[in-house]
Amino acid sequence: MGGLIRLVIFGFLALSVVYVVVSIYSRSVRREKLEESWDADHPDGGDEEARRAYIEDGMRAYETGLRRKLIVLVYIVPAVAAAVTIYMVN
């Protein structure tokens with residue numbers, strides 16, 4: 001029983017680290033795409049304040065979007081896989 005508790009605790013900690021890393025990476029990729037989109041639409045650079053507002057609006061849309069919510073699957077998929085494996089072995 002102690003081994004199972006340790007597995008759950010350390011598994012949760014490891015998955016939390018993976019979740020944070022994937023979240024940061026996903027945000028940075030989205031921000032980079034927004035910056036590239038702005039640069040493609042405004043080859044001369046455009047107004048810096050308008051660029052910042054465009055990127056912030058895009059990031060707000062990202063925060064409420066589906067992709068950000070799907071990152072929670074980092075917790076669900078390994079837990080379900082482990083549960084199915086334990087069930088099948090026993």
# chains A, B, ... in the order shown; residues from 1 in each chain; ligands from 1
$ residues_around --residues "region 79-90 of chain A" --least-positions-apart "2" --cutoff "10 Å" --atoms "only C-alpha atoms" --output "list in words"
Val8, Gly11, Phe12, Leu15, Leu73, Val74, Tyr75, Ile76 and Val77 of chain A
$ atom_distance --atom1 "CA of Arg60 (chain A)" --atom2 "CA of Ser28 (chain A)"
13.3 Å
$ residues_around --residues "Trp38 (chain A)" --least-positions-apart "3" --cutoff "10 Å" --atoms "only C-alpha atoms" --output "PyMOL selection string"
chain A and resi 32-35+41-43+45-46+50-52+54-55
$ closest_residue --among "A:Ala14, A:Ala40, A:Val22, A:Val29" --to "Val72 (chain A)" --atoms "only C-alpha atoms"
A:Val22
$ closest_residue --among "A:Tyr19, A:Ser26, A:Leu4, A:Ala53" --to "Arg67 (chain A)" --atoms "only C-alpha atoms"
A:Ser26
